[in-house]
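Engineer: Take a look at the following structure, please.
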Amino acid sequence: MTSTDLTMGIFFLSQIVLGMLGNSALLCCFIIADFTGVRTRPIDLIVKHLTWANIMVVLCKGIPQTMTAFGHTYFLDDITCKLVFYLHRVCRGFSLVCTCLLSVFQAITISLNNSKSAQFKARAPQIISSSLVLCWSLCLLVNTFMILTVTDMRDKRNLTQFRQLMYCSAVNNFKQIQTVYAIILGFSDVICLGLMVCTNGSMVLFLVKHKQKVQYIHRSLATKSFNETKATQSICILVSSFVVLYGTSFILMMYFSFQDGTDTWLVSVNVAMSACFPALCPFLLTRYHTRVFKLCSI
C-alpha cells in the first residue's frame with residue numbers, strides 16, 4: 001500500500017463518517033418531529049428525500065473506494081457492481097435535481113406576496129410530491145445504461161473490451177450509447193447548475209432590495225434586516241459550494257466518459273468530488289434552511 005492509497009483511504013473513510021453523521025442527524029430530527037407531532041412545512045419533504053439520496057451517494061461509492069484504497073480487490077461480484085454503480089448514479093442525479101428543486105420552491109415562497117403565498121402553500125404538498133416522483137422516475141430511467149455496461153473485474157484484466165473502474169469494469173462495446181448517455185448526463189448537470197445559480201441569484205437580489213427598503217422605513221425592523229443579511233450569506237455559501245463541487249465533478253465525469261484510459265488517482269478524485277456536497281449538504285442546508293425559514297416567518 002502506497003502513501004497515496006493510504007491518504008485516499010483515510011479521506012474516503014472520513015468522508016463517510018462526516019456524511020453519515022450529518023445526514024443521519026438531519027434525518028433523525030425529521031423523524032422525531034413526525035413522532036412528536038411537530039408541524040412541518042411541505043418543503044421539508046424535499047429535504048427528507050434529499051437526505052436519503054445523500055446517504056446513498058456517500059455509501060455506494062465511499063465504502064468500495066475505501067476498501068480498494070486499503071488494498072482489497074475483486075471483492076464485488078457482477079450483480080453487486082451493477083447495483084453499486086446504478087444506485088450511485090441514480091442518487092447522485094436525484095441529489096443534484098432535488099437541491100435545485102428545493103431552491104426553486106424557496107425562491108417562489110420568498111418572492112410571492114401574502115395572498116399568492118397562501119394559495120401556493122395550499123397547493124405545495126401536491127406539487128412537491130408530484131415533482132419528487134417525477135425526479136426519481138427520470139433518474140431511475142436514465143441511468144439504466146449502467147446496468148448494461150458495468151460488470152465485475154474477475155478474469156477481465158487482460159481483455160481489451162473491458163475498461164477497469166478500480167473495483168469493477170465496464171464494457172467498451174457500447175460507444176455510441178455511452179456518448180448519448182454522457183451527453184444526457186452533461187445536459188442535465190448544466191441545467192441544474194444554471195437553475196441553481198439563477199434561483200439563488202434571484203433570492204439574493206430580492207433580499208438585498210428588500211433590505212434597502214426596510215432600512216428606509218423604520219429602525220424597529222432591524223431584526224428582519226439582520227435576518228435578511230444572514231439569509232443572503234447562507235444562500236451564497238450554499239450555491240458557491242454546490243457550483244464548485246458539482247461543477248468539478250461534472251468536468252471529471254465528462255472527461256472519463258470520452259477517455260479510453262483510466263487514471264486511478266483521477267478516478268478517486270472524481271468519486272471524492274461527487275460525494276463532497278452530499279457529505280457537507282446537511283451542515284450547509286441546516287444553516288440555509290433555517291435562515292430562509294426565519295425570514296419567511298417574520
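Labels for the C-alpha cells follow display order: chains A, B, ..., residues from 1 in each chain, ligands from 1.
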Neighbours of range 56-60 of chain A within 7 Å (only C-alpha atoms; same-chain residues fewer than 3 positions away dropped), as JSON, numbers by chain?
Structural biologist: {"A": [16, 19, 52, 53, 63, 84, 87, 88, 91, 92, 275, 278, 279]}
Engineer: Save the residues we just selected, N, CA and C atoms, as a CSV table (one decimal), in the first residue's frame?
Structural biologist:
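Generated output (selection-v2.csv):
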chain,number,residue,atom,x,y,z
A,16,ILE,N,-17.1,9.4,4.7
A,16,ILE,CA,-18.2,8.5,5.0
A,16,ILE,C,-18.8,8.9,6.4
A,19,GLY,N,-20.3,12.4,6.4
A,19,GLY,CA,-21.6,12.4,5.7
A,19,GLY,C,-22.7,11.6,6.4
A,52,TRP,N,-31.9,11.2,2.2
A,52,TRP,CA,-31.8,9.8,1.9
A,52,TRP,C,-30.9,9.6,0.6
A,53,ALA,N,-31.1,10.4,-0.4
A,53,ALA,CA,-30.2,10.4,-1.6
A,53,ALA,C,-28.7,10.6,-1.2
A,63,ILE,N,-17.7,3.3,0.4
A,63,ILE,CA,-17.3,2.0,1.1
A,63,ILE,C,-16.4,1.2,0.1
A,84,VAL,N,-24.2,-1.2,-7.2
A,84,VAL,CA,-23.4,-0.1,-6.7
A,84,VAL,C,-23.4,1.1,-7.6
A,87,LEU,N,-27.1,2.6,-8.3
A,87,LEU,CA,-27.6,3.4,-7.2
A,87,LEU,C,-26.9,4.7,-7.0
A,88,HIS,N,-25.6,4.6,-7.2
A,88,HIS,CA,-24.8,5.8,-7.1
A,88,HIS,C,-25.2,6.9,-8.1
A,91,CYS,N,-28.8,8.2,-7.3
A,91,CYS,CA,-28.9,9.0,-6.2
A,91,CYS,C,-28.1,10.3,-6.4
A,92,ARG,N,-27.0,10.3,-7.1
A,92,ARG,CA,-26.2,11.5,-7.4
A,92,ARG,C,-27.1,12.4,-8.2
A,275,ALA,N,-19.1,13.0,-3.9
A,275,ALA,CA,-19.6,12.8,-2.6
A,275,ALA,C,-19.4,13.9,-1.6
A,278,PRO,N,-22.9,15.9,-1.1
A,278,PRO,CA,-23.8,15.1,-0.2
A,278,PRO,C,-23.3,15.0,1.2
A,279,ALA,N,-22.0,15.0,1.4
A,279,ALA,CA,-21.5,14.8,2.8
A,279,ALA,C,-21.6,16.1,3.6
Engineer: Pick out the residues sitting within 9 Å of range 131-145 of chain A, and hand them over as a list in words; count only C-alpha atoms, and ignore anything fewer than 5 positions along from it in its own chain.
Structural biologist: Leu45, Ile46, His49, Tyr86, Leu87, Arg89, Val90, Cys91, Arg92, Gly93, Phe94, Val97, Cys98, Leu101, Gln126, Val150, Ile177, Gln178, Tyr181, Ile184 and Leu185 of chain A
Engineer: Using only C-alpha atoms, determine which residues lie at most 8 Å from range 190-201 of chain A, disregarding the query and same-chain residues fewer than 4 positions distant; provide the list as a list in words.
Structural biologist: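 After dropping sequence-adjacent residues, the list is Leu96, Val97, Thr99, Cys100, Ser103, Val104, Ala107, Gly186, Leu205, Ile235, Cys236, Val239, Phe242, Val243, Tyr246 and Gly247 of chain A.
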Engineer: Export, as an mmCIF file, in the first residue's frame, the selected residues with N, CA, C and O atoms.
Structural biologist:
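Okay, this is what ended up in part16.cif:
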data_model
loop_
_atom_site.group_PDB
_atom_site.id
_atom_site.type_symbol
_atom_site.label_atom_id
_atom_site.label_comp_id
_atom_site.auth_asym_id
_atom_site.auth_seq_id
_atom_site.Cartn_x
_atom_site.Cartn_y
_atom_site.Cartn_z
ATOM 1 N N LEU A 96 -28.683 16.088 -7.037
ATOM 2 C CA LEU A 96 -28.449 17.303 -7.823
ATOM 3 C C LEU A 96 -29.773 17.999 -8.156
ATOM 4 O O LEU A 96 -29.945 19.200 -7.927
ATOM 5 N N VAL A 97 -30.717 17.226 -8.684
ATOM 6 C CA VAL A 97 -32.014 17.782 -9.078
ATOM 7 C C VAL A 97 -32.809 18.239 -7.857
ATOM 8 O O VAL A 97 -33.470 19.291 -7.885
ATOM 9 N N THR A 99 -31.748 19.311 -4.932
ATOM 10 C CA THR A 99 -31.226 20.561 -4.377
ATOM 11 C C THR A 99 -31.738 21.759 -5.174
ATOM 12 O O THR A 99 -32.094 22.796 -4.607
ATOM 13 N N CYS A 100 -31.776 21.605 -6.497
ATOM 14 C CA CYS A 100 -32.329 22.659 -7.354
ATOM 15 C C CYS A 100 -33.815 22.858 -7.087
ATOM 16 O O CYS A 100 -34.307 24.001 -7.046
ATOM 17 N N SER A 103 -34.319 24.871 -4.000
ATOM 18 C CA SER A 103 -34.047 26.291 -4.233
ATOM 19 C C SER A 103 -35.188 26.969 -4.989
ATOM 20 O O SER A 103 -35.538 28.122 -4.707
ATOM 21 N N VAL A 104 -35.763 26.257 -5.955
ATOM 22 C CA VAL A 104 -36.872 26.814 -6.737
ATOM 23 C C VAL A 104 -38.067 27.116 -5.836
ATOM 24 O O VAL A 104 -38.655 28.205 -5.885
ATOM 25 N N ALA A 107 -37.319 30.030 -3.555
ATOM 26 C CA ALA A 107 -37.360 31.293 -4.292
ATOM 27 C C ALA A 107 -38.799 31.736 -4.536
ATOM 28 O O ALA A 107 -39.135 32.922 -4.403
ATOM 29 N N GLY A 186 -24.561 15.200 -19.014
ATOM 30 C CA GLY A 186 -23.944 16.521 -19.051
ATOM 31 C C GLY A 186 -24.967 17.631 -19.186
ATOM 32 O O GLY A 186 -24.877 18.665 -18.512
ATOM 33 N N LEU A 205 -30.880 38.894 -4.832
ATOM 34 C CA LEU A 205 -31.290 40.223 -5.315
ATOM 35 C C LEU A 205 -32.546 40.705 -4.599
ATOM 36 O O LEU A 205 -32.659 41.880 -4.223
ATOM 37 N N ILE A 235 -27.291 31.671 1.554
ATOM 38 C CA ILE A 235 -27.566 31.333 0.157
ATOM 39 C C ILE A 235 -26.286 31.353 -0.664
ATOM 40 O O ILE A 235 -26.026 30.452 -1.467
ATOM 41 N N CYS A 236 -25.458 32.370 -0.454
ATOM 42 C CA CYS A 236 -24.199 32.489 -1.201
ATOM 43 C C CYS A 236 -23.263 31.323 -0.898
ATOM 44 O O CYS A 236 -22.609 30.780 -1.797
ATOM 45 N N VAL A 239 -24.829 28.042 -2.622
ATOM 46 C CA VAL A 239 -24.727 27.984 -4.080
ATOM 47 C C VAL A 239 -23.269 27.919 -4.530
ATOM 48 O O VAL A 239 -22.938 27.236 -5.511
ATOM 49 N N PHE A 242 -22.164 24.349 -3.951
ATOM 50 C CA PHE A 242 -22.858 23.499 -4.921
ATOM 51 C C PHE A 242 -22.200 23.585 -6.293
ATOM 52 O O PHE A 242 -21.885 22.560 -6.916
ATOM 53 N N VAL A 243 -21.977 24.809 -6.774
ATOM 54 C CA VAL A 243 -21.429 25.007 -8.115
ATOM 55 C C VAL A 243 -19.991 24.494 -8.201
ATOM 56 O O VAL A 243 -19.614 23.813 -9.164
ATOM 57 N N TYR A 246 -20.044 20.313 -7.537
ATOM 58 C CA TYR A 246 -20.699 19.586 -8.619
ATOM 59 C C TYR A 246 -20.141 19.981 -9.985
ATOM 60 O O TYR A 246 -20.139 19.172 -10.919
ATOM 61 N N GLY A 247 -19.675 21.222 -10.110
ATOM 62 C CA GLY A 247 -19.040 21.635 -11.365
ATOM 63 C C GLY A 247 -17.770 20.860 -11.628
ATOM 64 O O GLY A 247 -17.521 20.386 -12.754
#
Engineer: Would you mind reading off the distance between CA of Ile10 in chain A and CA of Thr80 in chain A, one decimal, in Å?
Structural biologist: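 Separation between CA of Ile10 in chain A and CA of Thr80 in chain A: 23.6 Å.
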Engineer: As a list in words, please: the residues near range 263-268 of chain A (cut-off 8 Å, only C-alpha atoms, same-chain neighbours under 2 positions excluded).
Structural biologist: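 Here the answer would be Met8, Gln65, Leu165, Met166, Leu252, Gly261, Asn270, Val271 and Ala272 of chain A.
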Engineer: Write out, as an mmCIF file, in the first residue's frame, the residues just selected, with N, CA and C atoms.
Structural biologist:
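The resulting file, out-v4.cif, is reproduced below:
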data_model
loop_
_atom_site.group_PDB
_atom_site.id
_atom_site.type_symbol
_atom_site.label_atom_id
_atom_site.label_comp_id
_atom_site.auth_asym_id
_atom_site.auth_seq_id
_atom_site.Cartn_x
_atom_site.Cartn_y
_atom_site.Cartn_z
ATOM 1 N N MET A 8 -5.816 8.447 0.483
ATOM 2 C CA MET A 8 -7.145 8.395 -0.112
ATOM 3 C C MET A 8 -8.098 7.551 0.724
ATOM 4 N N GLN A 65 -14.681 2.323 -2.448
ATOM 5 C CA GLN A 65 -13.482 3.112 -2.712
ATOM 6 C C GLN A 65 -12.512 3.037 -1.531
ATOM 7 N N LEU A 165 -12.506 -0.031 -13.741
ATOM 8 C CA LEU A 165 -13.026 1.032 -12.890
ATOM 9 C C LEU A 165 -12.641 0.779 -11.440
ATOM 10 N N MET A 166 -11.393 0.383 -11.226
ATOM 11 C CA MET A 166 -10.790 0.109 -9.921
ATOM 12 C C MET A 166 -11.313 -1.189 -9.308
ATOM 13 N N LEU A 252 -14.954 16.243 -14.490
ATOM 14 C CA LEU A 252 -14.259 14.962 -14.416
ATOM 15 C C LEU A 252 -15.102 13.839 -15.015
ATOM 16 N N GLY A 261 -8.542 5.524 -21.532
ATOM 17 C CA GLY A 261 -7.685 5.142 -20.417
ATOM 18 C C GLY A 261 -8.300 5.535 -19.083
ATOM 19 N N ASN A 270 -12.558 12.019 -8.688
ATOM 20 C CA ASN A 270 -13.916 12.158 -9.207
ATOM 21 C C ASN A 270 -14.947 11.639 -8.221
ATOM 22 N N VAL A 271 -14.685 10.471 -7.633
ATOM 23 C CA VAL A 271 -15.604 9.893 -6.646
ATOM 24 C C VAL A 271 -15.684 10.792 -5.415
ATOM 25 N N ALA A 272 -14.530 11.314 -4.991
ATOM 26 C CA ALA A 272 -14.496 12.185 -3.816
ATOM 27 C C ALA A 272 -15.300 13.464 -4.052
#
Engineer: Tell me, in Å to one decimal, how far CA of Leu285 in chain A is from CA of Leu238 in chain A.
Structural biologist: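 Separation between CA of Leu285 in chain A and CA of Leu238 in chain A: 7.4 Å.
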Engineer: How many Å lie between CA of Thr73 in chain A and CA of Thr149 in chain A, rounded to one decimal?
Structural biologist: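 Separation between CA of Thr73 in chain A and CA of Thr149 in chain A: 19.7 Å.
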Engineer: Can you pull out every residue from range 11-252 of chain A that DSSP, working from the backbone, puts in alpha helix (DSSP H), and format the result as a PyMOL selection string?
Structural biologist: chain A and resi 11-36+44-69+78-111+114-142+145-149+175-217+222-252
Engineer: Looking only at strand (DSSP E) from DSSP on the backbone, list the matching residues of range 15-217 of chain A as an MDAnalysis selection string.
Structural biologist: chainID A and resid 150:151 162:164 169:171
Engineer: Residues of the last selection are to be written out with all heavy atoms, as a PDB file, in the first residue's frame.
Structural biologist:
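Output file result.pdb is given in full below:
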ATOM      1  N   VAL A 150     -21.798  -2.145 -16.738  1.00  0.00           N
ATOM      2  CA  VAL A 150     -20.911  -2.415 -15.605  1.00  0.00           C
ATOM      3  C   VAL A 150     -20.953  -3.892 -15.237  1.00  0.00           C
ATOM      4  O   VAL A 150     -22.009  -4.519 -15.219  1.00  0.00           O
ATOM      5  CB  VAL A 150     -21.304  -1.542 -14.392  1.00  0.00           C
ATOM      6  CG1 VAL A 150     -20.457  -1.895 -13.173  1.00  0.00           C
ATOM      7  CG2 VAL A 150     -21.148  -0.074 -14.727  1.00  0.00           C
ATOM      8  N   THR A 151     -19.793  -4.446 -14.943  1.00  0.00           N
ATOM      9  CA  THR A 151     -19.687  -5.835 -14.507  1.00  0.00           C
ATOM     10  C   THR A 151     -18.518  -5.955 -13.538  1.00  0.00           C
ATOM     11  O   THR A 151     -17.833  -4.966 -13.245  1.00  0.00           O
ATOM     12  CB  THR A 151     -19.494  -6.780 -15.709  1.00  0.00           C
ATOM     13  OG1 THR A 151     -19.467  -8.128 -15.250  1.00  0.00           O
ATOM     14  CG2 THR A 151     -18.206  -6.466 -16.455  1.00  0.00           C
ATOM     15  N   PHE A 162     -12.924  -4.506 -22.098  1.00  0.00           N
ATOM     16  CA  PHE A 162     -13.374  -4.077 -20.783  1.00  0.00           C
ATOM     17  C   PHE A 162     -12.483  -2.944 -20.267  1.00  0.00           C
ATOM     18  O   PHE A 162     -11.275  -2.959 -20.445  1.00  0.00           O
ATOM     19  CB  PHE A 162     -13.326  -5.241 -19.779  1.00  0.00           C
ATOM     20  CG  PHE A 162     -14.357  -6.300 -20.041  1.00  0.00           C
ATOM     21  CD1 PHE A 162     -14.028  -7.443 -20.759  1.00  0.00           C
ATOM     22  CD2 PHE A 162     -15.654  -6.154 -19.582  1.00  0.00           C
ATOM     23  CE1 PHE A 162     -14.965  -8.410 -21.020  1.00  0.00           C
ATOM     24  CE2 PHE A 162     -16.598  -7.127 -19.832  1.00  0.00           C
ATOM     25  CZ  PHE A 162     -16.259  -8.254 -20.549  1.00  0.00           C
ATOM     26  N   ARG A 163     -13.115  -1.989 -19.654  1.00  0.00           N
ATOM     27  CA  ARG A 163     -12.405  -0.841 -19.082  1.00  0.00           C
ATOM     28  C   ARG A 163     -12.437  -0.938 -17.564  1.00  0.00           C
ATOM     29  O   ARG A 163     -13.505  -1.060 -16.963  1.00  0.00           O
ATOM     30  CB  ARG A 163     -13.072   0.452 -19.546  1.00  0.00           C
ATOM     31  CG  ARG A 163     -12.485   1.715 -18.957  1.00  0.00           C
ATOM     32  CD  ARG A 163     -13.304   2.904 -19.420  1.00  0.00           C
ATOM     33  NE  ARG A 163     -12.860   4.130 -18.800  1.00  0.00           N
ATOM     34  CZ  ARG A 163     -13.487   5.281 -18.930  1.00  0.00           C
ATOM     35  NH1 ARG A 163     -14.581   5.350 -19.667  1.00  0.00           N
ATOM     36  NH2 ARG A 163     -13.032   6.358 -18.348  1.00  0.00           N
ATOM     37  N   GLN A 164     -11.282  -0.883 -16.939  1.00  0.00           N
ATOM     38  CA  GLN A 164     -11.189  -1.041 -15.492  1.00  0.00           C
ATOM     39  C   GLN A 164     -11.681   0.205 -14.766  1.00  0.00           C
ATOM     40  O   GLN A 164     -11.339   1.330 -15.125  1.00  0.00           O
ATOM     41  CB  GLN A 164      -9.749  -1.338 -15.072  1.00  0.00           C
ATOM     42  CG  GLN A 164      -9.251  -2.698 -15.529  1.00  0.00           C
ATOM     43  CD  GLN A 164      -7.912  -3.065 -14.913  1.00  0.00           C
ATOM     44  OE1 GLN A 164      -7.517  -2.500 -13.910  1.00  0.00           O
ATOM     45  NE2 GLN A 164      -7.226  -4.018 -15.519  1.00  0.00           N
ATOM     46  N   SER A 169     -15.588  -3.181 -13.646  1.00  0.00           N
ATOM     47  CA  SER A 169     -15.165  -2.882 -15.019  1.00  0.00           C
ATOM     48  C   SER A 169     -16.390  -2.557 -15.859  1.00  0.00           C
ATOM     49  O   SER A 169     -17.523  -2.871 -15.487  1.00  0.00           O
ATOM     50  CB  SER A 169     -14.404  -4.066 -15.620  1.00  0.00           C
ATOM     51  OG  SER A 169     -15.210  -5.232 -15.619  1.00  0.00           O
ATOM     52  N   ALA A 170     -16.138  -1.911 -17.000  1.00  0.00           N
ATOM     53  CA  ALA A 170     -17.221  -1.509 -17.893  1.00  0.00           C
ATOM     54  C   ALA A 170     -16.956  -2.037 -19.292  1.00  0.00           C
ATOM     55  O   ALA A 170     -15.807  -2.060 -19.752  1.00  0.00           O
ATOM     56  CB  ALA A 170     -17.353   0.010 -17.919  1.00  0.00           C
ATOM     57  N   VAL A 171     -18.002  -2.465 -19.955  1.00  0.00           N
ATOM     58  CA  VAL A 171     -17.882  -2.988 -21.317  1.00  0.00           C
ATOM     59  C   VAL A 171     -17.713  -1.827 -22.288  1.00  0.00           C
ATOM     60  O   VAL A 171     -18.431  -0.826 -22.210  1.00  0.00           O
ATOM     61  CB  VAL A 171     -19.131  -3.808 -21.691  1.00  0.00           C
ATOM     62  CG1 VAL A 171     -18.983  -4.398 -23.095  1.00  0.00           C
ATOM     63  CG2 VAL A 171     -19.370  -4.916 -20.673  1.00  0.00           C
TER      64      VAL A 171
END
Engineer: Pick out the residues sitting within 10 Å of Asp77 in chain A, and hand them over as a ChimeraX atom specification; count only C-alpha atoms, and ignore anything fewer than 2 positions along from it in its own chain.
Structural biologist: /A:74-75,79-82,151-154,167-168
